[in-house]
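A short write-up of the structure that comes next.
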Amino acid sequence: MPFLSTFFLALLVACAVAAMATRDLLASVAIFGAFSFFAALYFVVLGALDVAFTEAAVGAVITTVFFVTTIFRTERRVRPRARPRVQP
């Protein structure tokens with residue numbers, strides 16, 4: 001059981017880092033959905049089935065659908081930041 005907990009926690013950290021590192025918003029939302037799915041599996045391993053069901057329903061499904069809908073109504077890519085000009 002400790003191996004599964006460690007495995008799912010590592011997947012959660014990897015998904016969080018990947019979601020923040022990507023510049024494509026749709027890919028970031030897909031990774032965030034995977035994060036919620038792995039969080040639900042982690043709660044199952046801990047024995048909190050009610051929390052796992054709620055996380056799977058709200059985090060992995062409803063929130064992902066809302067985010068994807070918002071992305072398609074706006075721009076998909078993040079604009080690069082303008083570098084501040086340095087005065088000589």
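Identifiers in the structure tokens: chain A, B, ... in order shown; residue index from 1 per chain; ligand index from 1 in order shown.
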Check your understanding: Using only C-alpha atoms, which residues sit within 6 Å of region 40-45 of chain A once same-chain residues fewer than 2 positions away are excluded, as a list in words?
Key -> Phe8, Phe37, Phe38, Gly47, Ala48, Leu49, Ala52, Glu55 and Ala56 of chain A
Exercise for review: List every residue of region 9-87 of chain A that DSSP, applied to the backbone of this structure, assigns to alpha helix (DSSP H), and report them as number ranges by chain.
Suggested key: A: 9-21, 25-46, 49-54, 63-73
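The space separating CA of Leu25 (chain A) from CA of Arg85 (chain A) comes to 27.5 Å.
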Review point. CA of Ile31 (chain A) to CA of Pro80 (chain A): how many Å, to one decimal?
Key: 20.7 Å
Point to revise | Val29 (chain A) surroundings by only C-alpha atoms, 8 Å radius, close-in-sequence under 6 positions cut, as JSON, numbers by chain | key: {"A": [19, 64, 67, 68]}
Exercise for review: List the neighbours of Ala30 (chain A) out to 12 Å using only C-alpha atoms; skip same-chain residues closer than 5 positions along the sequence, and give me the result as a list in words.
Suggested key: Cys15, Ala16, Ala18, Ala19, Met20, Thr22, Asp24, Leu25, Phe35, Ser36, Phe37, Gly59, Ala60, Val61, Thr63, Thr64, Val65, Phe66, Phe67, Val68 and Ile71 of chain A
Check your understanding: Interatomic distance between CA of Ser28 (chain A) and CA of Thr69 (chain A)?
Key ->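 That distance, rounded to one decimal, is 13.6 Å.
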